[in-house]
Amino acid sequence: MTCVDTGTTRGLGHTRPRALTWAAVIVCLLLTTWEAAYAGGATDAGRTAGGLTDIRLGMSADFTASARALGIELYRGAMAYLLPVNAAGGVNGRHISITTYDDRYDPDLAIANTLKLMDRDHVFALFGYVGTPTMNRTLPLLRMHQEEDFYLFFPFTGANTNRIPPYDQFSFNLRASYDQETRGLVDHFIGVHRTRIAIFYQNDAYGRAGWGGVRSALAKHGMEIAGEATYRRGTPFDQSYDRQVAIMQKIGPDAIICIATYPAAAGFVRDMRNRGVDTPIATISFVGSEAMLGLLSTATGTSNRNYTARLVSSQVVPSYFDDSIAVARDYRKAMDHNRASLMPPDSVLSPNGKQPEHPYVPLEYSFTSLEGYLDAKLFVTILRRMGSAPQRSDLAATVMSLGEFDLGMGQALSFGGSTGRRQASDQIYYTVVKDGRFVPFRDSEWEEWAKP
Amino acid sequence: MKIARFYQKTLFGMFALMGLIVASTSALYVYTVDRQLNDDLKKNSRAIARSIADSNIDVIVNRNYSALQSVIDQYVEIPGISYVFVVDDHGDIIAHTFVPGIPDEIAANYRGNKDAYDRVLPGMGRFAEVTAGILAGQAGRVHVGVDKGYIALQVQTAIGKQVYLLTIVFLISVLVSYGLMYQVSRPLHHLTKHAWHSFSDGEQGEPPHPTQVVNLLQRTDEVGELGRIIRSASWREL
């Protein structure tokens with residue numbers, strides 16, 4: 001902020017020169033103080049009843065396009081945790097809010113949204129971004145603004161771009177990586193003698209990240225990818241995937257790993273099964289398992305085929321139906337209790353007031369919203385460590401000092417330590433569909449999928 | 001509206017000449033534009049290949065495939081650039097933009113250090129592909145494919161506009177030429193009528209109007225002179 005010189009009173013007739021100068025000085029001081037508070041990033045324009053400012057997080061995700069289920073469910077899960085926290089007075093008296101912008105899973109929009117969140121909304125931190133291509137293009141912005149200490153917390157992606165230099169220092173992850181997910185799937189398939197592994201993937205940064213994971217995992221066994229088929233980002237469920245299926249039939253793999261979003265994964269599975277190919281198919285966490293299951297269930301209803309057999313999904317959070325896990329019980333309770341208040345604002349879901357042709361029907365529970373719930377819980381844990389006057393500049397040091405902690409997942413999580421960990425969890429969970437929902441797939445059950 | 005027969009030949013000659021000009025100009029235009037566009041697009045695609053190869057060495061060597069894919073995805077948004085793929089030092093394609101898969105023709109022939117390929121990909125079209133080495137080819141190569149169909153479309157669009165413009169000019173020229181010819185040949189009609197009337201006792205059609213005869217005889221050009229000679233000759237005959 002620049003204070004304008006008020007000039008001298010010469011030529012203006014000597015009316016209250018000293019008063020004017022003092023007034024200008026006071027205005028400058030006020031503006032400078034206000035700007036300093038803003039630049040520190042501790043607070044936001046909104047104020048709680050106690051006079052303390054809110055903590056605003058910034059989220060750019062797809063809320064209206066082909067991957068909207070992921071953005072909406074991640075937000076809903078986060079709000080399921082934050083609403084009770086705010087109702088109980090917030091963190092050290094400060095409420096936490098999430099400012100959302102729709103990027104339609106488009107990297108260019110994600111860049112524009114990030115600039116708005118940093119420069120206009122002055123958010124405390126970026127939170128819960130969805131997608132690899134969007135995140136990949138956003139990370140350089142954080143590097144450019146590194147003096148302002150903006151960090152990306154818990155993006156909904158397992159890509160390596162924010163896990164390796166040069167962008168690892170601008171981000172913190174809760175979830176395991178795609179490399180870990182694909183390595184687990186490859187190891188399990190090879191363990192049941194399914195060694196010819198092909199890959200169906202979204203032809204962009206997300207798909208390539210998964211492709212790299214599969215390739216690397218196979219290389220550890222001295223193998224190569226048996227073949228591949230791709231699709232364009234945003235391809236809908238009702239489009240034909242016959243060309244990709246034909247490629248797979250030509251390859252004849254023992255197993256297929258899908259690095260896809262739910263519409264394409266569901267469409268591919270449908271067309272594979274329609275052609276009588278029953279090769280085991282695996283998806284990874286980003287697919288949006290429940291949204292995919294919803295599409296496959298709809299297709300099953302019209303064709304009487306079982307599209308969910310021999311379908312395994314890797315997850316980075318535990319099953320929300322596992323009552324032995326404390327956070328799963330808490331999550332379901334929070335989702336049930338706050339169900340009516342969890343949706344993102346209408347301004348995001350209905351841009352320009354235009355209602356979507358097919359309004360989104362929220363899921364009762366999902367792995368995605370559980371991840372959002374855990375993201376919010378971990379962020380609140382960090383905020384509580386920061387005391388009553390959290391500053392953006394203290395965020396990274398606070399996270400790295402967390403060490404080992406427990407979110408009630410039944411597993412130890414950690415940040416920092418001797419290796420400077422910036423990814424809290426390494427755990428992968430495998431699930432299959434039984435009785436119309438995803439349930440844990442135990443290691444011993446993989447034997448049922450052994451190659452005859 | 002009639003014009004003199006020998007002027008009709010002149011008019012036909014003009015039209016033929018005009019057609020020749022239009023055809024030759026268009027042919028030259030097609031050749032020039034096609035060559036220029038081809039050269040420009042090849043230069044641009046080579047620059048793109050060079051740019052990817054030179055500015056993403058760390059990404060490629062560190063096998064950050066996701067970041068590499070983000071980079072090449074941006075280039076296929078450029079009109080005319082159809083595909084990009086990157087080959088590593090082992091000869092494996094580590095990032096590409098093909099959907100639903102790498103075409104068999106490319107999978108069968110992309111290794112080596114060739115600078116350029118001419119490709120025909122079934123169902124996709126004809127492509128000019130240029131390459132650039134990463135670390136002088138030690139770390140692999142970047143391949144960029146340019147759609148020849150795009151160039152042809154650009155040429156067709158440009159030539160379409162050119163032909164449209166020339167056709168309008170041609171039609172205007174025809175109308176103007178026809179009008180001028182009519183203006184030039186009208187006194188000759190009057191002269192012909194005057195001659196027939198003078199030498200055949202009015203057996204050949206209607207006599208010219210007296211004002212037309214007066215105007216004809218007052219002309220200072222060859223037509224007026226010929227009119228006066230005809231009048232003198234007809235008097236002498238009387």
# chains A, B, ... in the order shown; residues from 1 in each chain; ligands from 1
>>> interface_residues(of="chain A", to="chain B", cutoff="7 Å", atoms="only C-alpha atoms", output="list in words")
Pro133, Asn136, Thr161, Asn203, Asp204, Ala205, Tyr206, Arg208, Ala209, Gly212, Glu228, Ala229, Thr230, Tyr231, Arg232, Arg243 and Gln244 of chain A
>>> select_by_dssp(residues="range 217-359 of chain A", states="helix (DSSP H, G or I)", output="NGL selection string")
:A and (217-220 or 242-251 or 262-274 or 285-287 or 289-303 or 326-341 or 346-349 or 351-353)
>>> closest_residue(among="A:Asp394, A:Glu364, A:Asp375, A:Glu447", to="Ala291 in chain A", atoms="only C-alpha atoms")
A:Glu364
>>> residues_around(residues="Asn113 in chain B", least_positions_apart="6", cutoff="9 Å", atoms="only C-alpha atoms", output="PyMOL selection string")
chain B and resi 131-133+137+141
>>> residues_around(residues="Tyr7 in chain B", least_positions_apart="4", cutoff="12 Å", atoms="only C-alpha atoms", output="mmCIF file with N, CA and C atoms, in the first residue's frame")
data_model
loop_
_atom_site.group_PDB
_atom_site.id
_atom_site.type_symbol
_atom_site.label_atom_id
_atom_site.label_comp_id
_atom_site.auth_asym_id
_atom_site.auth_seq_id
_atom_site.Cartn_x
_atom_site.Cartn_y
_atom_site.Cartn_z
ATOM 1 N N LYS B 2 -27.334 -4.921 -78.995
ATOM 2 C CA LYS B 2 -26.395 -5.641 -79.858
ATOM 3 C C LYS B 2 -25.073 -4.891 -79.937
ATOM 4 N N ILE B 3 -24.001 -5.661 -80.080
ATOM 5 C CA ILE B 3 -22.706 -5.035 -80.320
ATOM 6 C C ILE B 3 -22.128 -5.633 -81.589
ATOM 7 N N LEU B 11 -14.272 -9.122 -77.258
ATOM 8 C CA LEU B 11 -14.792 -9.377 -75.916
ATOM 9 C C LEU B 11 -14.453 -10.807 -75.477
ATOM 10 N N PHE B 12 -14.619 -11.743 -76.402
ATOM 11 C CA PHE B 12 -14.309 -13.138 -76.082
ATOM 12 C C PHE B 12 -12.821 -13.291 -75.730
ATOM 13 N N GLY B 13 -12.011 -12.604 -76.524
ATOM 14 C CA GLY B 13 -10.567 -12.637 -76.253
ATOM 15 C C GLY B 13 -10.254 -12.094 -74.871
ATOM 16 N N MET B 14 -10.956 -11.014 -74.484
ATOM 17 C CA MET B 14 -10.732 -10.420 -73.160
ATOM 18 C C MET B 14 -11.109 -11.390 -72.046
ATOM 19 N N SER B 177 -17.052 -4.082 -69.646
ATOM 20 C CA SER B 177 -16.564 -4.263 -71.025
ATOM 21 C C SER B 177 -17.729 -4.280 -72.008
ATOM 22 N N TYR B 178 -18.778 -5.007 -71.607
ATOM 23 C CA TYR B 178 -19.942 -5.105 -72.484
ATOM 24 C C TYR B 178 -20.562 -3.727 -72.717
ATOM 25 N N GLY B 179 -20.657 -2.958 -71.659
ATOM 26 C CA GLY B 179 -21.219 -1.605 -71.766
ATOM 27 C C GLY B 179 -20.383 -0.724 -72.671
ATOM 28 N N LEU B 180 -19.047 -0.824 -72.486
ATOM 29 C CA LEU B 180 -18.142 -0.005 -73.301
ATOM 30 C C LEU B 180 -18.240 -0.391 -74.772
ATOM 31 N N MET B 181 -18.271 -1.703 -75.006
ATOM 32 C CA MET B 181 -18.372 -2.197 -76.385
ATOM 33 C C MET B 181 -19.668 -1.701 -77.035
ATOM 34 N N TYR B 182 -20.715 -1.718 -76.242
ATOM 35 C CA TYR B 182 -21.998 -1.264 -76.771
ATOM 36 C C TYR B 182 -21.915 0.212 -77.158
ATOM 37 N N GLN B 183 -21.298 0.999 -76.282
ATOM 38 C CA GLN B 183 -21.160 2.426 -76.547
ATOM 39 C C GLN B 183 -20.363 2.658 -77.826
ATOM 40 N N VAL B 184 -19.304 1.830 -77.982
ATOM 41 C CA VAL B 184 -18.432 2.008 -79.150
ATOM 42 C C VAL B 184 -19.140 1.556 -80.425
ATOM 43 N N SER B 185 -19.906 0.487 -80.328
ATOM 44 C CA SER B 185 -20.470 -0.095 -81.553
ATOM 45 C C SER B 185 -21.796 0.548 -81.983
ATOM 46 N N ARG B 186 -22.448 1.323 -81.124
ATOM 47 C CA ARG B 186 -23.749 1.905 -81.474
ATOM 48 C C ARG B 186 -23.661 2.840 -82.703
ATOM 49 N N LEU B 188 -21.697 2.632 -85.141
ATOM 50 C CA LEU B 188 -21.500 1.795 -86.330
ATOM 51 C C LEU B 188 -22.833 1.244 -86.833
#
>>> residues_around(residues="Ser26 in chain B", least_positions_apart="5", cutoff="9 Å", atoms="only C-alpha atoms", output="list in words")
Ile21, Tyr31, Ile159, Gln162 and Val163 of chain B
>>> write_last_selection(atoms="C-alpha atoms", output="PDB file, in the first residue's frame")
ATOM      1  CA  ILE B  21      -5.065 -14.518 -65.423  1.00  0.00           C
ATOM      2  CA  TYR B  31       1.670 -22.892 -54.570  1.00  0.00           C
ATOM      3  CA  ILE B 159      -7.817 -19.899 -52.291  1.00  0.00           C
ATOM      4  CA  GLN B 162      -9.118 -15.478 -53.601  1.00  0.00           C
ATOM      5  CA  VAL B 163     -11.367 -17.115 -56.220  1.00  0.00           C
TER       6      VAL B 163
END
